[in-house]
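What follows is the content of run-v3.pdb (PDB, C-alpha atoms).
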```pdb
ATOM      1  CA  MET A   1      11.296  19.692 -18.060
ATOM      2  CA  ARG A   2       8.900  19.067 -15.161
ATOM      3  CA  ALA A   3       6.456  17.253 -17.458
ATOM      4  CA  TRP A   4       9.241  15.112 -18.984
ATOM      5  CA  ILE A   5      10.426  13.968 -15.535
ATOM      6  CA  ALA A   6       6.842  13.260 -14.446
ATOM      7  CA  VAL A   7       6.249  11.135 -17.576
ATOM      8  CA  LEU A   8       9.462   9.157 -16.970
ATOM      9  CA  VAL A   9       8.562   8.481 -13.312
ATOM     10  CA  VAL A  10       5.028   7.330 -14.216
ATOM     11  CA  THR A  11       6.450   5.152 -17.013
ATOM     12  CA  ALA A  12       8.927   3.468 -14.648
ATOM     13  CA  ALA A  13       6.296   2.921 -11.952
ATOM     14  CA  THR A  14       3.831   1.439 -14.459
ATOM     15  CA  ALA A  15       6.479  -0.911 -15.873
ATOM     16  CA  LEU A  16       7.391  -2.094 -12.349
ATOM     17  CA  MET A  17       3.753  -2.743 -11.462
ATOM     18  CA  LYS A  18       3.201  -4.724 -14.665
ATOM     19  CA  ALA A  19       6.294  -6.782 -13.824
ATOM     20  CA  SER A  20       5.105  -7.404 -10.251
ATOM     21  CA  GLY A  21       4.344 -11.082 -10.937
ATOM     22  CA  PRO A  22       7.790 -12.080 -12.243
ATOM     23  CA  LEU A  23       9.587  -9.805  -9.758
ATOM     24  CA  VAL A  24       7.716 -11.072  -6.693
ATOM     25  CA  LEU A  25       6.951 -14.685  -7.601
ATOM     26  CA  GLY A  26       9.677 -15.597 -10.104
ATOM     27  CA  ASN A  27       9.013 -19.083 -11.474
ATOM     28  CA  ARG A  28       6.838 -20.199  -8.578
ATOM     29  CA  GLU A  29       3.340 -21.273  -9.619
ATOM     30  CA  LEU A  30       0.333 -20.024  -7.705
ATOM     31  CA  PRO A  31      -1.721 -22.588  -5.740
ATOM     32  CA  SER A  32      -4.999 -23.702  -7.333
ATOM     33  CA  GLY A  33      -7.061 -21.658  -4.866
ATOM     34  CA  ALA A  34      -5.299 -18.476  -5.935
ATOM     35  CA  ARG A  35      -5.752 -19.385  -9.587
ATOM     36  CA  ARG A  36      -9.464 -19.805  -8.978
ATOM     37  CA  VAL A  37      -9.625 -16.218  -7.706
ATOM     38  CA  ILE A  38      -7.429 -14.950 -10.542
ATOM     39  CA  GLY A  39      -9.787 -16.519 -13.064
ATOM     40  CA  LEU A  40     -12.432 -14.140 -11.772
ATOM     41  CA  VAL A  41     -10.276 -10.995 -11.721
ATOM     42  CA  ALA A  42     -10.889 -10.207 -15.411
ATOM     43  CA  PRO A  43     -14.712  -9.959 -15.182
ATOM     44  CA  ALA A  44     -14.520  -8.055 -11.867
ATOM     45  CA  LEU A  45     -11.978  -5.607 -13.289
ATOM     46  CA  LEU A  46     -14.053  -5.071 -16.435
ATOM     47  CA  ALA A  47     -17.084  -4.150 -14.345
ATOM     48  CA  GLY A  48     -14.911  -1.682 -12.436
ATOM     49  CA  LEU A  49     -13.607  -0.137 -15.653
ATOM     50  CA  ILE A  50     -17.143   0.350 -16.982
ATOM     51  CA  VAL A  51     -18.335   1.923 -13.731
ATOM     52  CA  VAL A  52     -15.297   4.216 -13.419
ATOM     53  CA  GLU A  53     -15.666   5.341 -17.061
ATOM     54  CA  LEU A  54     -19.354   6.125 -16.574
ATOM     55  CA  SER A  55     -19.287   7.574 -13.071
ATOM     56  CA  ALA A  56     -16.790  10.311 -13.986
ATOM     57  CA  ASP A  57     -16.252  12.712 -11.105
ATOM     58  CA  GLY A  58     -17.633  10.634  -8.217
ATOM     59  CA  TRP A  59     -21.067  10.354  -9.897
ATOM     60  CA  ASN A  60     -21.413  14.140  -9.992
ATOM     61  CA  GLN A  61     -21.322  14.346 -13.777
ATOM     62  CA  LEU A  62     -23.170  11.194 -14.815
ATOM     63  CA  ASN A  63     -23.965  11.561 -18.516
ATOM     64  CA  TRP A  64     -27.185   9.721 -19.382
ATOM     65  CA  THR A  65     -26.545   9.900 -23.123
ATOM     66  CA  GLN A  66     -23.237   8.094 -22.555
ATOM     67  CA  VAL A  67     -24.962   5.455 -20.410
ATOM     68  CA  ALA A  68     -27.644   4.994 -23.087
ATOM     69  CA  GLY A  69     -24.973   4.626 -25.769
ATOM     70  CA  VAL A  70     -23.120   1.967 -23.774
ATOM     71  CA  ALA A  71     -26.387   0.115 -23.103
ATOM     72  CA  ALA A  72     -27.229   0.241 -26.831
ATOM     73  CA  ALA A  73     -23.840  -1.285 -27.645
ATOM     74  CA  GLY A  74     -24.524  -4.078 -25.153
ATOM     75  CA  ALA A  75     -27.967  -4.678 -26.641
ATOM     76  CA  GLY A  76     -26.475  -4.799 -30.119
ATOM     77  CA  ARG A  77     -23.973  -7.427 -28.979
ATOM     78  CA  LEU A  78     -26.713  -9.503 -27.342
ATOM     79  CA  LEU A  79     -28.534  -9.381 -30.695
ATOM     80  CA  ARG A  80     -25.353 -10.926 -32.170
ATOM     81  CA  ALA A  81     -23.923  -7.796 -33.814
ATOM     82  CA  PRO A  82     -20.130  -8.013 -34.360
ATOM     83  CA  MET A  83     -18.134  -6.214 -31.665
ATOM     84  CA  LEU A  84     -17.075  -3.231 -33.785
ATOM     85  CA  LEU A  85     -20.594  -2.736 -35.192
ATOM     86  CA  ALA A  86     -22.072  -2.884 -31.669
ATOM     87  CA  VAL A  87     -19.718  -0.103 -30.545
ATOM     88  CA  VAL A  88     -20.579   2.010 -33.603
ATOM     89  CA  ILE A  89     -24.284   1.538 -32.763
ATOM     90  CA  GLY A  90     -23.598   2.697 -29.187
ATOM     91  CA  ALA A  91     -21.699   5.813 -30.333
ATOM     92  CA  ALA A  92     -24.419   6.586 -32.896
ATOM     93  CA  VAL A  93     -27.181   6.315 -30.268
ATOM     94  CA  ALA A  94     -25.295   8.689 -27.938
ATOM     95  CA  ALA A  95     -24.616  11.131 -30.801
ATOM     96  CA  CYS A  96     -28.305  11.104 -31.831
ATOM     97  CA  LEU A  97     -29.485  11.667 -28.253
ATOM     98  CA  ARG A  98     -27.141  14.651 -28.003
ATOM     99  CA  LEU A  99     -28.679  16.181 -31.098
ATOM    100  CA  VAL A 100     -32.137  16.085 -29.499
TER     101      VAL A 100
ATOM    102  CA  MET B 101      -2.764 -23.511 -31.700
ATOM    103  CA  THR B 102       0.845 -22.444 -32.364
ATOM    104  CA  SER B 103       2.421 -19.291 -30.949
ATOM    105  CA  ARG B 104       2.270 -17.764 -34.422
ATOM    106  CA  SER B 105      -1.444 -18.443 -34.883
ATOM    107  CA  ASP B 106      -2.142 -17.225 -31.336
ATOM    108  CA  PHE B 107      -0.260 -14.008 -32.130
ATOM    109  CA  ILE B 108      -2.180 -13.521 -35.394
ATOM    110  CA  GLY B 109      -5.418 -14.248 -33.530
ATOM    111  CA  GLY B 110      -4.418 -11.545 -31.054
ATOM    112  CA  LEU B 111      -3.795  -9.091 -33.891
ATOM    113  CA  ARG B 112      -7.309  -9.764 -35.187
ATOM    114  CA  LEU B 113      -8.873  -9.418 -31.744
ATOM    115  CA  GLY B 114      -6.953  -6.167 -31.273
ATOM    116  CA  VAL B 115      -8.699  -4.391 -34.151
ATOM    117  CA  GLY B 116     -11.818  -3.515 -32.118
ATOM    118  CA  PRO B 117     -10.084  -2.192 -28.994
ATOM    119  CA  GLY B 118      -7.454  -0.660 -31.309
ATOM    120  CA  ALA B 119     -10.123   1.462 -33.019
ATOM    121  CA  ALA B 120     -11.305   2.648 -29.611
ATOM    122  CA  THR B 121      -7.707   3.351 -28.593
ATOM    123  CA  LEU B 122      -7.159   5.402 -31.753
ATOM    124  CA  VAL B 123     -10.092   7.673 -30.896
ATOM    125  CA  LEU B 124      -8.949   8.027 -27.289
ATOM    126  CA  GLY B 125      -5.383   8.690 -28.467
ATOM    127  CA  ILE B 126      -6.611  11.601 -30.611
ATOM    128  CA  SER B 127      -8.343  13.036 -27.522
ATOM    129  CA  PHE B 128      -5.186  12.596 -25.443
ATOM    130  CA  GLY B 129      -2.926  14.208 -28.055
ATOM    131  CA  ALA B 130      -5.171  17.261 -28.244
ATOM    132  CA  ALA B 131      -5.528  17.478 -24.443
ATOM    133  CA  ALA B 132      -1.773  17.183 -23.868
ATOM    134  CA  VAL B 133      -0.965  19.994 -26.319
ATOM    135  CA  THR B 134      -3.589  22.164 -24.632
ATOM    136  CA  ALA B 135      -1.955  21.340 -21.270
ATOM    137  CA  GLY B 136       1.351  22.763 -22.540
ATOM    138  CA  TRP B 137       3.196  19.509 -23.209
ATOM    139  CA  GLY B 138       4.363  20.655 -26.658
ATOM    140  CA  GLN B 139       4.314  18.334 -29.663
ATOM    141  CA  LEU B 140       7.003  15.763 -28.853
ATOM    142  CA  LEU B 141       6.273  14.768 -25.242
ATOM    143  CA  PRO B 142       2.672  13.519 -25.815
ATOM    144  CA  VAL B 143       3.889  11.117 -28.525
ATOM    145  CA  VAL B 144       6.930   9.970 -26.504
ATOM    146  CA  SER B 145       4.679   9.465 -23.474
ATOM    147  CA  SER B 146       2.262   7.331 -25.498
ATOM    148  CA  MET B 147       5.195   5.271 -26.800
ATOM    149  CA  ILE B 148       6.794   4.547 -23.425
ATOM    150  CA  THR B 149       4.053   4.968 -20.798
ATOM    151  CA  PHE B 150       1.272   3.445 -22.914
ATOM    152  CA  SER B 151      -1.421   3.970 -20.301
ATOM    153  CA  GLY B 152      -4.355   6.158 -21.293
ATOM    154  CA  SER B 153      -5.772   6.635 -17.812
ATOM    155  CA  ALA B 154      -2.400   7.538 -16.269
ATOM    156  CA  GLN B 155      -1.454   9.841 -19.146
ATOM    157  CA  PHE B 156      -4.793  11.690 -19.027
ATOM    158  CA  THR B 157      -4.462  12.051 -15.255
ATOM    159  CA  LEU B 158      -0.951  13.473 -15.583
ATOM    160  CA  ALA B 159      -1.848  15.858 -18.412
ATOM    161  CA  THR B 160      -4.863  17.266 -16.590
ATOM    162  CA  THR B 161      -3.406  17.556 -13.064
ATOM    163  CA  LEU B 162       0.213  18.536 -13.723
ATOM    164  CA  PRO B 163      -0.411  22.089 -15.000
ATOM    165  CA  ALA B 164      -2.693  22.885 -12.065
ATOM    166  CA  GLY B 165      -0.571  21.937  -9.070
ATOM    167  CA  SER B 166       2.158  19.890  -7.450
ATOM    168  CA  ALA B 167       4.146  17.504  -9.644
ATOM    169  CA  ILE B 168       4.320  14.945  -6.810
ATOM    170  CA  ALA B 169       0.539  14.911  -6.456
ATOM    171  CA  ALA B 170       0.096  14.600 -10.223
ATOM    172  CA  VAL B 171       2.581  11.713 -10.464
ATOM    173  CA  ALA B 172       1.020   9.982  -7.432
ATOM    174  CA  GLY B 173      -2.442  10.259  -8.996
ATOM    175  CA  ALA B 174      -1.222   8.836 -12.305
ATOM    176  CA  VAL B 175       0.606   5.950 -10.589
ATOM    177  CA  LEU B 176      -2.335   5.121  -8.308
ATOM    178  CA  ILE B 177      -4.700   4.814 -11.247
ATOM    179  CA  ASN B 178      -2.484   1.984 -12.512
ATOM    180  CA  VAL B 179      -2.197   0.173  -9.209
ATOM    181  CA  ARG B 180      -4.491  -2.568 -10.590
ATOM    182  CA  TYR B 181      -1.489  -3.737 -12.627
ATOM    183  CA  LEU B 182      -0.061  -5.159  -9.389
ATOM    184  CA  VAL B 183      -2.924  -7.643  -9.252
ATOM    185  CA  MET B 184      -2.956  -8.244 -13.011
ATOM    186  CA  GLY B 185       0.841  -8.728 -13.088
ATOM    187  CA  ILE B 186       0.626 -11.452 -10.443
ATOM    188  CA  ALA B 187      -2.387 -12.984 -12.213
ATOM    189  CA  ILE B 188      -0.527 -13.538 -15.502
ATOM    190  CA  ASN B 189       2.743 -14.747 -13.959
ATOM    191  CA  ASP B 190       1.987 -18.464 -14.350
ATOM    192  CA  SER B 191       1.342 -17.909 -18.082
ATOM    193  CA  LEU B 192       4.655 -16.124 -18.798
ATOM    194  CA  ARG B 193       7.751 -17.967 -20.038
ATOM    195  CA  GLY B 194      11.500 -17.949 -19.445
ATOM    196  CA  SER B 195      13.713 -16.242 -16.894
ATOM    197  CA  ARG B 196      12.496 -13.676 -14.387
ATOM    198  CA  LEU B 197      13.807 -10.810 -16.540
ATOM    199  CA  ARG B 198      12.258 -12.254 -19.693
ATOM    200  CA  ARG B 199       8.920 -12.660 -17.892
ATOM    201  CA  ALA B 200       9.124  -9.067 -16.672
ATOM    202  CA  GLY B 201       9.578  -7.989 -20.298
ATOM    203  CA  GLN B 202       6.620 -10.076 -21.476
ATOM    204  CA  ALA B 203       4.478  -8.561 -18.722
ATOM    205  CA  GLN B 204       4.866  -5.150 -20.354
ATOM    206  CA  ALA B 205       2.279  -6.300 -22.917
ATOM    207  CA  LEU B 206      -0.277  -6.115 -20.118
ATOM    208  CA  VAL B 207      -3.157  -3.721 -20.834
ATOM    209  CA  ASP B 208      -6.799  -4.042 -19.807
ATOM    210  CA  ALA B 209      -8.391  -5.303 -23.021
ATOM    211  CA  SER B 210      -5.503  -7.697 -23.784
ATOM    212  CA  PHE B 211      -5.564  -9.084 -20.234
ATOM    213  CA  VAL B 212      -9.249  -9.916 -20.556
ATOM    214  CA  ALA B 213      -9.153 -11.280 -24.108
ATOM    215  CA  ALA B 214      -6.123 -13.462 -23.340
ATOM    216  CA  HIS B 215      -7.919 -15.056 -20.394
ATOM    217  CA  GLU B 216      -8.576 -18.711 -21.135
ATOM    218  CA  GLY B 217     -10.396 -19.487 -17.881
ATOM    219  CA  ASP B 218      -8.915 -21.381 -14.946
ATOM    220  CA  GLY B 219      -6.608 -18.429 -14.225
ATOM    221  CA  ARG B 220      -4.532 -19.110 -17.375
ATOM    222  CA  PHE B 221      -3.690 -16.560 -20.075
ATOM    223  CA  ASP B 222      -2.586 -16.950 -23.702
ATOM    224  CA  LEU B 223       0.640 -14.921 -23.785
ATOM    225  CA  MET B 224       0.964 -14.611 -27.571
ATOM    226  CA  ARG B 225      -2.666 -13.599 -27.985
ATOM    227  CA  MET B 226      -2.095 -10.900 -25.362
ATOM    228  CA  VAL B 227       1.038  -9.662 -27.132
ATOM    229  CA  GLY B 228      -0.741  -9.605 -30.527
ATOM    230  CA  MET B 229      -3.626  -7.555 -29.159
ATOM    231  CA  THR B 230      -1.298  -5.146 -27.411
ATOM    232  CA  VAL B 231       0.793  -4.556 -30.561
ATOM    233  CA  VAL B 232      -2.333  -3.337 -32.367
ATOM    234  CA  GLN B 233      -3.465  -1.166 -29.456
ATOM    235  CA  TRP B 234      -0.004   0.349 -28.945
ATOM    236  CA  THR B 235       0.233   1.238 -32.639
ATOM    237  CA  CYS B 236      -3.234   2.808 -32.578
ATOM    238  CA  TRP B 237      -2.546   4.659 -29.319
ATOM    239  CA  VAL B 238       0.697   6.221 -30.602
ATOM    240  CA  THR B 239      -0.819   6.988 -34.020
ATOM    241  CA  GLY B 240      -3.919   8.505 -32.421
ATOM    242  CA  THR B 241      -1.794  10.665 -30.138
ATOM    243  CA  ALA B 242       0.237  11.955 -33.102
ATOM    244  CA  VAL B 243      -2.948  12.735 -35.046
ATOM    245  CA  GLY B 244      -4.404  14.514 -31.991
ATOM    246  CA  VAL B 245      -1.245  16.579 -31.561
ATOM    247  CA  TRP B 246      -1.310  17.484 -35.239
ATOM    248  CA  LEU B 247      -5.037  18.215 -35.730
ATOM    249  CA  ARG B 248      -5.951  19.293 -32.171
ATOM    250  CA  PRO B 249      -9.665  18.517 -32.512
ATOM    251  CA  ASP B 250     -12.056  20.124 -30.058
ATOM    252  CA  PRO B 251     -12.800  17.545 -27.288
ATOM    253  CA  ALA B 252     -16.430  18.715 -27.259
ATOM    254  CA  THR B 253     -16.770  17.787 -30.948
ATOM    255  CA  LEU B 254     -15.366  14.294 -30.316
ATOM    256  CA  GLU B 255     -17.804  13.814 -27.440
ATOM    257  CA  GLN B 256     -20.685  15.093 -29.566
ATOM    258  CA  TRP B 257     -19.989  12.214 -31.962
ATOM    259  CA  GLY B 258     -20.082   9.653 -29.148
ATOM    260  CA  ALA B 259     -16.328   9.137 -28.719
ATOM    261  CA  ASP B 260     -16.776   8.887 -24.928
ATOM    262  CA  VAL B 261     -18.980   5.820 -25.455
ATOM    263  CA  VAL B 262     -16.337   3.807 -27.284
ATOM    264  CA  PHE B 263     -14.214   2.580 -24.364
ATOM    265  CA  PRO B 264     -16.911   1.743 -21.803
ATOM    266  CA  ALA B 265     -18.868   0.046 -24.604
ATOM    267  CA  PHE B 266     -15.881  -2.151 -25.449
ATOM    268  CA  PHE B 267     -15.402  -3.020 -21.792
ATOM    269  CA  LEU B 268     -19.096  -3.962 -21.581
ATOM    270  CA  LEU B 269     -18.836  -6.215 -24.643
ATOM    271  CA  LEU B 270     -15.734  -7.894 -23.220
ATOM    272  CA  ALA B 271     -17.561  -8.362 -19.895
ATOM    273  CA  LEU B 272     -20.495 -10.012 -21.687
ATOM    274  CA  ASP B 273     -18.049 -12.422 -23.309
ATOM    275  CA  GLU B 274     -16.387 -13.103 -19.935
ATOM    276  CA  ILE B 275     -19.586 -14.193 -18.199
ATOM    277  CA  ARG B 276     -19.110 -17.924 -18.701
ATOM    278  CA  SER B 277     -20.315 -19.083 -15.270
ATOM    279  CA  ALA B 278     -22.443 -17.994 -12.342
ATOM    280  CA  ARG B 279     -19.280 -17.048 -10.466
ATOM    281  CA  ALA B 280     -18.103 -14.801 -13.312
ATOM    282  CA  ALA B 281     -21.495 -13.070 -13.199
ATOM    283  CA  VAL B 282     -21.098 -12.574  -9.436
ATOM    284  CA  ALA B 283     -17.597 -11.166 -10.041
ATOM    285  CA  VAL B 284     -19.017  -8.648 -12.535
ATOM    286  CA  VAL B 285     -21.742  -7.523 -10.124
ATOM    287  CA  ALA B 286     -19.403  -7.398  -7.108
ATOM    288  CA  GLY B 287     -16.686  -5.542  -9.037
ATOM    289  CA  GLY B 288     -19.208  -3.026 -10.335
ATOM    290  CA  VAL B 289     -20.834  -2.410  -6.963
ATOM    291  CA  LEU B 290     -17.516  -2.078  -5.100
ATOM    292  CA  SER B 291     -16.024   0.352  -7.597
ATOM    293  CA  GLY B 292     -19.290   2.285  -7.868
ATOM    294  CA  LEU B 293     -19.474   2.790  -4.119
ATOM    295  CA  LEU B 294     -15.824   3.701  -3.804
ATOM    296  CA  MET B 295     -16.066   6.263  -6.610
ATOM    297  CA  LEU B 296     -18.087   8.310  -4.109
ATOM    298  CA  VAL B 297     -15.127   8.653  -1.761
ATOM    299  CA  VAL B 298     -11.798   7.783  -3.450
ATOM    300  CA  ASP B 299      -9.874   8.305  -6.690
ATOM    301  CA  PRO B 300     -10.573   6.072  -9.708
ATOM    302  CA  GLY B 301      -7.297   4.182  -9.168
ATOM    303  CA  PHE B 302      -8.408   2.877  -5.784
ATOM    304  CA  ALA B 303     -11.918   2.188  -7.083
ATOM    305  CA  LEU B 304     -10.412   0.017  -9.851
ATOM    306  CA  LEU B 305      -8.203  -1.817  -7.357
ATOM    307  CA  ALA B 306     -11.255  -2.437  -5.181
ATOM    308  CA  ALA B 307     -13.104  -3.842  -8.200
ATOM    309  CA  THR B 308     -10.595  -6.702  -8.356
ATOM    310  CA  ALA B 309     -11.744  -7.677  -4.844
ATOM    311  CA  GLY B 310     -14.989  -8.676  -6.556
ATOM    312  CA  ALA B 311     -13.068 -11.795  -7.631
ATOM    313  CA  LEU B 312     -12.541 -12.714  -3.967
ATOM    314  CA  ILE B 313     -16.249 -12.353  -3.249
ATOM    315  CA  ALA B 314     -17.175 -14.432  -6.297
ATOM    316  CA  ALA B 315     -14.725 -17.175  -5.296
ATOM    317  CA  LEU B 316     -16.239 -17.657  -1.825
ATOM    318  CA  PRO B 317     -17.497 -21.228  -1.318
ATOM    319  CA  VAL B 318     -21.263 -21.588  -1.495
ATOM    320  CA  GLY B 319     -21.663 -25.308  -0.814
ATOM    321  CA  ARG B 320     -23.220 -27.769  -3.262
ATOM    322  CA  ALA B 321     -23.658 -25.143  -5.985
ATOM    323  CA  ASP B 322     -19.895 -25.379  -6.538
ATOM    324  CA  ASP B 323     -20.298 -28.904  -7.861
ATOM    325  CA  ASN B 324     -22.126 -27.597 -10.943
ATOM    326  CA  ASP B 325     -19.985 -24.534 -11.591
ATOM    327  CA  PRO B 326     -17.466 -25.038 -14.416
ATOM    328  CA  ALA B 327     -15.261 -22.206 -13.105
ATOM    329  CA  VAL B 328     -14.770 -24.034  -9.826
ATOM    330  CA  ALA B 329     -14.608 -27.483 -11.339
ATOM    331  CA  SER B 330     -11.853 -26.462 -13.737
ATOM    332  CA  ALA B 331      -9.833 -24.818 -10.968
ATOM    333  CA  ALA B 332     -10.035 -27.804  -8.652
TER     334      ALA B 332
END
```
Before anything else, please render the file you have as structure tokens.
Amino acid sequence: MRAWIAVLVVTAATALMKASGPLVLGNRELPSGARRVIGLVAPALLAGLIVVELSADGWNQLNWTQVAGVAAAGAGRLLRAPMLLAVVIGAAVAACLRLV
Amino acid sequence: MTSRSDFIGGLRLGVGPGAATLVLGISFGAAAVTAGWGQLLPVVSSMITFSGSAQFTLATTLPAGSAIAAVAGAVLINVRYLVMGIAINDSLRGSRLRRAGQAQALVDASFVAAHEGDGRFDLMRMVGMTVVQWTCWVTGTAVGVWLRPDPATLEQWGADVVFPAFFLLLALDEIRSARAAVAVVAGGVLSGLLMLVVDPGFALLAATAGALIAALPVGRADDNDPAVASAA
């Protein structure tokens, strides 16, 4: 029962945060200066997501095979591999390094 | 582009992140059963919460201690949605309630792929991508609950690479200007430093401040930057 209630609370809080724009701003448009910043939120957030995924427990458990796999995926993409293939290359590199 | 073609384009774009979500969903399903959630709650949670990071946080911290602390940790990891929700508001349509409903399609990969530059987002593309990821997330969770694969085996096969690799590929596609490159570096450095002292939720929120740093005026260089020119 405890887990069910916790899931419902987290679900409600997440839904409210996603709806923060409409709830706070309604139909008002943001000024151009704010839009300029917002246009840069996506790349900044992506960098944060990559770092948080790789840094694990405050950098204490950095996994070099995971980092190498992610780098290999990036290299594959830069060499014009399709997105899905680049990710498969990254996972394969990490899996091979873990076999060594 | 019509709404229909944007939606179909979103479905296509969702295949890659959807595959990653499927793998992560299998991991979550197995972890949640191990944490004592039973077989129904993990699937229901994936259907209604639809947030991998929050669900993992809840499943791993709830059995060990206070429910309030576990819920707070799971909510804080999603606090970036406050910024993202405000960011997409101009691109939503209809009444306040209708916009709030549309905003539920907000997830990381969809937010980024729907970004058209200039702070505008393609709503139908975002919805299309999210439909694929939601389906894969719920399906993956059900498979994980059913098969309960060993997390170590999944990691051995490189499953932990899938999500950060996708985020990296999306970031490479997002770097369309010098300012976007600065935002990537600033977001990465800020979150990396904060991971030393705070929870991942705060580190992710801090990463969005990288956009503020990247938007700072730098004089004549702005004249040649398409990101600034298009926003002016």
**Q.** Interface list for chain B, partner chain A, 6 Å threshold, all atoms listed in the file, as a PyMOL selection string
**A.** chain B and resi 116+149+175+181-182+185-187+189-190+196+199-200+203-204+212+217-219+256-258+261+264-265+267+271+274+280+283-284+287-288+291-292+295-296+304+307-308+310-312+315+331
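Of the listed residues (B:Leu316, B:Ala169, B:Ala174, B:Cys236), B:Cys236 comes nearest to B:Val143; the distances count only C-alpha atoms.
Restricting the calculation to all atoms listed in the file, the smallest distance between B:Val207 and any of B:Met224, B:Met184, B:Ala303, B:Leu141 is found for B:Met184.
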Q.
Translate the PyMOL selection byres ((chain B and resi 241-254) around 9) into a concrete residue list for this structure, as a ChimeraX atom specification.
A. /B:122-134,138-140,142-143,146,236-240,255-260
Atom-to-atom span, atom CA of B:Phe107 and atom CA of A:Ala81, Å: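 Atom CA of A:Ala81 lies 24.5 Å from atom CA of B:Phe107.
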key: Point-to-point distance in Å for atom CA of B:Ser103 and atom CA of B:Arg198   =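 Taking atom CA of B:Arg198 and atom CA of B:Ser103, their separation equals 16.5 Å.
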To one decimal in Å, tell me the separation between atom CA of B:Ile275 and atom CA of B:Phe156.
->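 Pair atom CA of B:Ile275 / atom CA of B:Phe156 returns 29.8 Å.
Applied to the file shown here, the PyMOL selection byres ((chain B and resi 153) around 8) selects Ser151, Gly152, Ala154, Gln155, Phe156, Thr157, Ala174, Ile177 and Asn178 of chain B.
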